[in-house]
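As stored in start-v2.txt (compact mmCIF, C-alpha atoms):
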```txt
# COMPACT_ATOMS: atom_id res chain seq x y z
CA MET A 1 8.29 -5.03 32.94
CA SER A 2 4.72 -6.15 33.66
CA ARG A 3 5.22 -6.35 37.43
CA ARG A 4 3.96 -3.52 39.64
CA VAL A 5 4.76 -2.15 43.07
CA PRO A 6 2.14 -2.95 45.74
CA VAL A 7 0.25 0.21 46.69
CA PRO A 8 -0.45 0.48 50.42
CA SER A 9 -3.77 1.84 51.63
CA THR A 10 -2.18 4.27 54.07
CA ASP A 11 -2.72 7.30 51.81
CA ASP A 12 0.66 8.80 52.61
CA GLU A 13 3.98 9.53 50.89
CA VAL A 14 4.64 5.82 50.34
CA THR A 15 1.25 5.41 48.64
CA ARG A 16 1.92 8.33 46.31
CA LEU A 17 5.43 7.09 45.56
CA ALA A 18 4.14 3.60 44.72
CA THR A 19 1.42 5.06 42.48
CA THR A 20 3.96 7.24 40.67
CA MET A 21 6.30 4.28 40.24
CA ASN A 22 3.51 2.12 38.78
CA SER A 23 2.54 4.89 36.36
CA MET A 24 6.15 5.10 35.19
CA LEU A 25 6.35 1.32 34.78
CA GLU A 26 3.10 1.38 32.78
CA ARG A 27 4.50 3.99 30.41
CA LEU A 28 7.75 2.06 30.03
CA GLU A 29 5.85 -1.13 29.23
CA GLN A 30 3.72 0.65 26.63
CA SER A 31 6.80 2.29 25.11
CA ARG A 32 8.62 -1.04 24.88
CA ALA A 33 5.59 -2.71 23.29
CA ALA A 34 5.29 0.12 20.77
CA GLN A 35 9.00 -0.12 19.95
CA LEU A 36 8.82 -3.88 19.41
CA ARG A 37 5.72 -3.47 17.25
CA PHE A 38 7.42 -0.74 15.21
CA VAL A 39 10.52 -2.88 14.60
CA GLY A 40 8.37 -5.85 13.64
CA ASP A 41 6.27 -3.78 11.25
CA ALA A 42 9.35 -2.19 9.68
CA SER A 43 10.93 -5.60 9.16
CA HIS A 44 7.73 -6.89 7.57
CA GLU A 45 7.48 -3.92 5.20
CA MET A 46 11.12 -4.22 4.13
CA ARG A 47 10.89 -7.93 3.50
CA SER A 48 8.81 -7.62 0.32
CA PRO A 49 11.09 -5.30 -1.70
CA LEU A 50 14.19 -7.05 -0.37
CA THR A 51 12.80 -10.42 -1.44
CA THR A 52 12.19 -9.09 -4.96
CA VAL A 53 15.64 -7.53 -5.29
CA VAL A 54 17.53 -10.50 -3.84
CA GLY A 55 15.45 -12.97 -5.86
CA LEU A 56 16.23 -11.26 -9.15
CA LEU A 57 19.92 -10.98 -8.32
CA ASP A 58 20.06 -14.64 -7.27
CA LEU A 59 18.37 -15.66 -10.53
CA ALA A 60 20.88 -13.67 -12.57
CA ASP A 61 23.74 -15.18 -10.59
CA ASP A 62 22.45 -18.77 -10.87
CA THR A 63 21.85 -18.53 -14.62
CA ASP A 64 25.00 -16.48 -15.22
CA SER A 65 22.96 -14.10 -17.36
CA PRO A 66 22.52 -10.32 -17.15
CA ILE A 67 19.26 -8.76 -16.00
CA ASP A 68 17.42 -7.37 -19.00
CA VAL A 69 16.63 -3.66 -19.13
CA ARG A 70 12.87 -4.20 -18.93
CA THR A 71 13.16 -6.19 -15.69
CA LEU A 72 15.57 -3.62 -14.33
CA ARG A 73 13.19 -0.74 -15.03
CA THR A 74 9.89 -2.39 -14.09
CA LEU A 75 10.89 -4.53 -11.10
CA LEU A 76 14.38 -4.09 -9.72
CA LEU A 77 14.72 -0.30 -9.75
CA PRO A 78 11.20 0.45 -8.39
CA GLU A 79 11.65 -2.02 -5.53
CA ALA A 80 15.10 -0.64 -4.72
CA ARG A 81 13.72 2.90 -4.68
CA ARG A 82 10.81 1.80 -2.53
CA LEU A 83 13.29 0.34 -0.05
CA GLN A 84 15.40 3.50 -0.16
CA ASN A 85 12.34 5.69 0.48
CA MET A 86 11.30 3.47 3.36
CA VAL A 87 14.72 3.77 4.99
CA ASP A 88 14.65 7.56 4.53
CA ASP A 89 11.18 7.68 6.10
CA LEU A 90 12.26 5.55 9.04
CA LEU A 91 15.29 7.76 9.64
CA LEU A 92 13.18 10.93 9.54
CA LEU A 93 10.68 9.49 12.02
CA ALA A 94 13.40 8.17 14.32
CA ARG A 95 15.10 11.56 14.38
CA SER A 96 11.80 13.34 14.94
CA ASP A 97 11.13 11.12 17.96
CA GLU A 98 14.42 12.12 19.54
CA TYR A 99 15.11 15.65 18.32
CA GLY A 100 12.01 16.78 16.45
CA VAL A 101 11.87 17.44 12.71
CA PRO A 102 14.76 19.76 11.76
CA LEU A 103 13.50 22.82 9.89
CA HIS A 104 15.33 25.32 7.70
CA ILE A 105 12.96 28.25 7.99
CA ARG A 106 12.55 30.88 5.31
CA ASP A 107 9.69 32.56 3.47
CA VAL A 108 7.72 30.03 1.45
CA ASP A 109 5.10 30.59 -1.24
CA LEU A 110 2.72 27.86 -0.19
CA ASP A 111 0.59 28.32 -3.30
CA ASP A 112 3.58 27.53 -5.52
CA ILE A 113 4.06 24.20 -3.74
CA VAL A 114 0.40 23.24 -4.12
CA ALA A 115 0.24 24.37 -7.76
CA SER A 116 3.41 22.44 -8.58
CA GLU A 117 2.03 19.27 -7.01
CA ALA A 118 -1.26 19.65 -8.87
CA ARG A 119 0.61 19.99 -12.16
CA ARG A 120 2.74 16.96 -11.37
CA LEU A 121 -0.30 14.79 -10.65
CA ARG A 122 -2.02 16.03 -13.79
CA SER A 123 1.02 15.09 -15.88
CA LEU A 124 0.85 11.52 -14.56
CA GLY A 125 -2.63 11.12 -16.03
CA LEU A 126 -3.78 8.82 -13.22
CA ALA A 127 -6.75 10.99 -12.19
CA ALA A 128 -8.50 14.22 -13.09
CA VAL A 129 -6.92 16.98 -11.00
CA ALA A 130 -8.56 20.25 -9.98
CA ALA A 131 -7.08 22.94 -7.76
CA THR A 132 -8.22 26.22 -6.27
CA ILE A 133 -5.15 28.25 -5.35
CA ILE A 134 -4.91 31.19 -2.95
CA PRO A 135 -1.50 32.92 -2.93
CA ILE A 136 -0.10 32.60 0.61
CA ARG A 137 3.40 33.28 1.84
CA LEU A 138 4.49 32.02 5.23
CA ALA A 139 7.66 31.12 7.10
CA GLY A 140 8.53 27.45 6.94
CA ASP A 141 10.78 24.78 5.52
CA PRO A 142 9.95 24.55 1.79
CA GLU A 143 11.39 21.07 1.33
CA LYS A 144 9.56 19.62 4.32
CA LEU A 145 6.27 21.31 3.40
CA SER A 146 6.63 20.06 -0.18
CA ARG A 147 7.16 16.56 1.15
CA ALA A 148 4.07 16.72 3.35
CA ILE A 149 1.85 17.93 0.50
CA ARG A 150 3.34 15.39 -1.90
CA ASN A 151 2.65 12.57 0.56
CA LEU A 152 -1.01 13.61 0.75
CA ALA A 153 -1.17 13.92 -3.03
CA GLU A 154 0.36 10.46 -3.52
CA ASN A 155 -2.07 9.02 -1.02
CA ALA A 156 -5.00 10.68 -2.80
CA VAL A 157 -4.08 9.54 -6.31
CA ARG A 158 -3.41 6.01 -5.05
CA TYR A 159 -7.02 5.61 -3.95
CA ALA A 160 -8.92 8.02 -6.22
CA ALA A 161 -11.56 6.49 -8.45
CA SER A 162 -11.27 9.36 -10.92
CA THR A 163 -10.65 12.72 -9.21
CA VAL A 164 -8.20 14.48 -6.90
CA ARG A 165 -8.85 18.04 -5.75
CA PHE A 166 -6.70 20.63 -3.97
CA ASP A 167 -8.36 23.53 -2.14
CA MET A 168 -6.50 26.32 -0.36
CA SER A 169 -8.11 28.74 2.08
CA PHE A 170 -7.06 31.42 4.55
CA ASP A 171 -8.84 32.59 7.71
CA PRO A 172 -7.81 36.22 8.42
CA ARG A 173 -9.29 36.04 11.92
CA THR A 174 -6.99 33.25 13.06
CA GLY A 175 -4.19 33.69 10.54
CA VAL A 176 -4.42 30.02 9.61
CA ALA A 177 -3.86 28.75 6.08
CA SER A 178 -5.45 25.44 5.08
CA ILE A 179 -4.70 22.99 2.30
CA ALA A 180 -7.35 20.36 1.62
CA VAL A 181 -6.57 17.33 -0.53
CA THR A 182 -9.64 15.32 -1.56
CA ASP A 183 -10.01 12.05 -3.44
CA ASP A 184 -13.15 10.22 -4.54
CA GLY A 185 -11.94 6.81 -3.41
CA PRO A 186 -13.48 4.43 -0.85
CA GLY A 187 -12.99 6.83 2.06
CA ILE A 188 -11.91 6.11 5.63
CA PRO A 189 -14.34 4.95 8.35
CA ARG A 190 -14.79 7.59 11.04
CA ASP A 191 -13.79 5.18 13.78
CA ARG A 192 -10.42 4.67 12.05
CA ARG A 193 -9.55 8.30 11.35
CA ASP A 194 -7.81 8.80 14.68
CA VAL A 195 -5.28 6.05 13.96
CA ILE A 196 -4.68 6.64 10.25
CA PHE A 197 -1.59 8.74 11.04
CA ASP A 198 0.00 6.03 13.18
CA ARG A 199 2.98 4.27 11.67
CA PHE A 200 2.25 1.19 9.58
CA THR A 201 -1.50 1.53 10.14
CA ARG A 202 -3.49 -0.89 8.00
CA LEU A 203 -7.15 -0.44 7.11
CA ASP A 204 -9.58 -3.17 6.24
CA GLY A 205 -11.21 -3.08 2.83
CA ASP A 206 -10.37 -1.17 -0.32
CA ARG A 207 -8.29 1.56 1.30
CA ARG A 208 -5.48 -0.71 2.42
CA ASN A 209 -2.12 0.72 1.44
CA ARG A 210 -0.36 -2.01 -0.52
CA SER A 211 2.15 0.01 -2.50
CA GLY A 212 3.28 2.66 -0.03
CA SER A 213 5.58 2.35 2.94
CA GLY A 214 2.84 2.83 5.53
CA LEU A 215 4.77 5.84 6.84
CA GLY A 216 3.68 8.67 4.54
CA LEU A 217 0.85 10.00 6.68
CA SER A 218 2.95 9.71 9.84
CA ILE A 219 5.55 11.91 8.19
CA VAL A 220 2.89 14.43 7.18
CA ARG A 221 1.79 14.71 10.80
CA GLU A 222 5.35 15.16 12.12
CA ILE A 223 6.22 17.82 9.54
CA VAL A 224 3.01 19.77 10.10
CA ARG A 225 3.38 19.60 13.89
CA ALA A 226 6.94 20.89 13.59
CA HIS A 227 5.49 23.95 11.82
CA GLY A 228 3.00 24.48 14.66
CA GLY A 229 0.07 23.20 12.59
CA SER A 230 -2.27 20.23 12.50
CA VAL A 231 -3.59 17.69 10.00
CA SER A 232 -7.02 16.12 10.11
CA VAL A 233 -9.27 13.73 8.18
CA GLN A 234 -12.71 14.97 7.12
CA ASP A 235 -15.64 13.99 4.96
CA PRO A 236 -15.29 15.13 1.33
CA PRO A 237 -17.01 18.38 0.28
CA ALA A 238 -20.27 18.67 -1.62
CA GLY A 239 -20.07 17.13 -5.06
CA PHE A 240 -18.28 14.01 -3.88
CA ALA A 241 -20.52 11.00 -3.34
CA HIS A 242 -17.72 9.27 -1.45
CA GLY A 243 -14.06 9.76 -0.65
CA VAL A 244 -12.08 11.58 2.01
CA THR A 245 -10.38 14.93 2.60
CA PHE A 246 -7.09 15.49 4.39
CA VAL A 247 -6.67 19.04 5.70
CA ILE A 248 -3.35 20.63 6.66
CA SER A 249 -3.75 23.76 8.80
CA LEU A 250 -0.73 26.02 9.28
CA PRO A 251 -0.22 29.24 11.23
CA THR A 252 0.97 31.98 8.92
CA ALA A 253 3.15 33.94 11.34
CA ARG A 254 6.30 32.26 12.60
CA ARG A 255 9.32 33.76 14.32
CA LEU A 256 12.46 33.43 12.25
CA PRO A 257 15.85 32.66 13.82
CA ASP A 258 16.97 36.30 13.61
CA GLY A 259 13.87 37.42 15.53
CA ALA A 260 11.94 38.77 12.56
CA VAL A 261 8.35 37.70 12.09
CA SER A 262 7.13 36.63 8.67
CA THR A 263 3.39 37.11 8.22
CA ALA A 264 1.31 35.48 5.51
CA LEU A 265 0.34 37.43 2.45
CA ALA A 266 -3.14 36.33 1.42
CA MET A 267 -4.62 37.68 -1.81
CA PRO A 268 -7.81 36.99 -3.74
CA PRO A 269 -7.99 33.43 -5.04
CA ARG A 270 -6.92 32.66 -8.57
CA GLN A 271 -9.21 30.97 -10.99
CA PRO A 272 -9.46 27.24 -10.23
CA MET A 273 -7.03 25.07 -12.19
CA ARG A 274 -8.85 22.53 -14.34
```

Before anything else, please render the file you have as C-alpha cells.
Amino acid sequence: MSRRVPVPSTDDEVTRLATTMNSMLERLEQSRAAQLRFVGDASHEMRSPLTTVVGLLDLADDTDSPIDVRTLRTLLLPEARRLQNMVDDLLLLARSDEYGVPLHIRDVDLDDIVASEARRLRSLGLAAVAATIIPIRLAGDPEKLSRAIRNLAENAVRYAASTVRFDMSFDPRTGVASIAVTDDGPGIPRDRRDVIFDRFTRLDGDRRNRSGSGLGLSIVREIVRAHGGSVSVQDPPAGFAHGVTFVISLPTARRLPDGAVSTALAMPPRQPMR
C-alpha cells in the first residue's frame, strides 16, 4: 500500500495517469491507517468496561456467591450500560460513514429540547445550570437533535467547575438558529479545537475524557451535518474566566419529504432560566 507508481517527466497522458494513480493510492493508504486506528481505539475503549463486567462475573462464579445489589448498581450495571452506549455510538458512526445519518424529519420545537435538557442537568445537581431560551421551530429529527444537545450537555457537566449555561439565538438575516453550551471547566487549547470532534480524540491535561466513550462529540458533528448545520468550539462569553463554548448552528428552513418547506418561528426570548 505504501508503494507508488513512478511518474515520468514527459508531461503527457502517462504522467497524468501516474499522478492520479499515486493520489488514489495515497488516499487508500490514509483510509486504511484511519480504519486500523479506529478499530484499535474502539478495542481499547471497550476493554475497560468488559474487564470490569467479566471480572465481577468470574469472581461470583469462583466463589459460588451471588453479586450483591450494591455492586450490581454501582459497578456492573453502569459498566454494562457504558458498553451498550459505546456499541450504539459505533453503529451510528459506521452507518453514517456509509449511508449518512438517517433522519425522520418533522417540525421540532428546538426550545423544548434545550429547556428539557437544562431541567435534566439541574435535577442532577452536579452544576449550577442557567439557560436563555428563544422559542424556535424548525424541521428536523427530534430524537437525533435531542441526542446531539444531550451529548454537549453531558460533556459540559463532566468538565464544569461549577456552571453550565445554555444560550439560544436566531439570526433573521441568515435564518440560522444557534445553541451555545458553555462550561467553566479547564477549556480546550485553540490548537486542539480542530481535532476535538475526531473519534476517540484524547486531550492532554484536565480535559481528558475518562468516563465517556470518546465518541460523543463525533456524533454531535454527524447529526448536525446531516441537518445541514455546523458545530464549532469557541471561547466562553464574558463572565467566564475560563471554560469553553460549543455552538450548534442550524438552518431553520428545510424541505420536507412531501415538498413542503417548514420555516422557523422565532419569537422574543423568554426570561432566562435560573

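Counting all atoms listed in the file and comparing A:Ala148, A:Leu110, A:Ala130, A:Ile105, the residue that lies closest to Val224 (chain A) is A:Ala148.
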
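When CA of Arg137 (chain A) is paired with CA of Asp109 (chain A), their separation reads 4.4 Å.
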
List as a PDB file with C-alpha atoms, keeping the file's coordinate frame the protein and nucleic acid residues near region 154-168 of chain A, meaning an atom at most 7 Å away when all atoms listed in the file are counted, but skip any in the same chain fewer than 4 places from it.
```pdb
ATOM      1  CA  LEU A 126      -3.780   8.820 -13.220  1.00  0.00           C
ATOM      2  CA  ALA A 127      -6.750  10.990 -12.190  1.00  0.00           C
ATOM      3  CA  ALA A 128      -8.500  14.220 -13.090  1.00  0.00           C
ATOM      4  CA  VAL A 129      -6.920  16.980 -11.000  1.00  0.00           C
ATOM      5  CA  ALA A 130      -8.560  20.250  -9.980  1.00  0.00           C
ATOM      6  CA  ALA A 131      -7.080  22.940  -7.760  1.00  0.00           C
ATOM      7  CA  THR A 132      -8.220  26.220  -6.270  1.00  0.00           C
ATOM      8  CA  ILE A 133      -5.150  28.250  -5.350  1.00  0.00           C
ATOM      9  CA  ILE A 134      -4.910  31.190  -2.950  1.00  0.00           C
ATOM     10  CA  ARG A 150       3.340  15.390  -1.900  1.00  0.00           C
ATOM     11  CA  SER A 178      -5.450  25.440   5.080  1.00  0.00           C
ATOM     12  CA  ILE A 179      -4.700  22.990   2.300  1.00  0.00           C
ATOM     13  CA  ALA A 180      -7.350  20.360   1.620  1.00  0.00           C
ATOM     14  CA  VAL A 181      -6.570  17.330  -0.530  1.00  0.00           C
ATOM     15  CA  THR A 182      -9.640  15.320  -1.560  1.00  0.00           C
ATOM     16  CA  ASP A 183     -10.010  12.050  -3.440  1.00  0.00           C
ATOM     17  CA  ASP A 184     -13.150  10.220  -4.540  1.00  0.00           C
ATOM     18  CA  GLY A 185     -11.940   6.810  -3.410  1.00  0.00           C
ATOM     19  CA  ARG A 207      -8.290   1.560   1.300  1.00  0.00           C
TER      20      ARG A 207
END
```

* To do: For CA of Thr71 (chain A) and CA of Met86 (chain A), quote the distance in Å rounded to one decimal.
  =>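 Computed distance, CA of Thr71 (chain A) to CA of Met86 (chain A), equals 21.4 Å.
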
* Record the distance separating CA of Pro49 (chain A) and CA of Leu124 (chain A), expressed in Å with one decimal. =>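 If I compute the distance from CA of Pro49 (chain A) to CA of Leu124 (chain A), I get 23.5 Å.
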
Take every atom of region 77-91 of chain A listed in the file, pad by 8 Å on each side, and give me the axis-aligned box centre and edge lengths in Å, one decimal, as JSON.
```
{"center_x": 13.1, "center_y": 2.9, "center_z": -0.1, "size_x": 20.6, "size_y": 25.8, "size_z": 35.4}
```

* Asked: Any idea what's packed within 7 Å of Arg199 (chain A), counting only C-alpha atoms, ignoring anything in its chain fewer than 3 positions away? Could you give it as an NGL selection string?
  -> :A and (214-215 or 218)

* List the neighbours of region 226-237 of chain A out to 7 Å using only C-alpha atoms; skip same-chain residues closer than 5 positions along the sequence, and give me the result as a ChimeraX atom specification. => /A:101,140,182,193,221,242-251

* Quick one: residues within 10 Å of Leu57 (chain A), only C-alpha atoms counted, chain neighbours fewer than 4 positions away excluded, as a ChimeraX atom specification? -> /A:51-53,61-62,66-67,76

* **Close residues, Leu145 (chain A) itself excluded, 10 Å, only C-alpha atoms, min 6 positions apart in chain, as a ChimeraX atom specification** => /A:103,108,110,113-114,151,220,223-224,227

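Closest to Arg147 (chain A) among A:Leu92, A:Ala241, A:Leu83, A:Leu36 is A:Leu92, based on all atoms listed in the file.
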
* To do: Can you work out which one of A:Ala153, A:Ser65, A:Pro6, A:Asn85 has the shortest atom-to-atom distance to Thr20 (chain A), counting only C-alpha atoms?
  =>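 That would be A:Pro6, the residue with the smallest distance to Thr20 (chain A).
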
* Structure fact -> If you count only C-alpha atoms, the residue of A:Val14, A:Ala118, A:Thr63, A:Ser2 closest to Glu29 (chain A) turns out to be A:Ser2
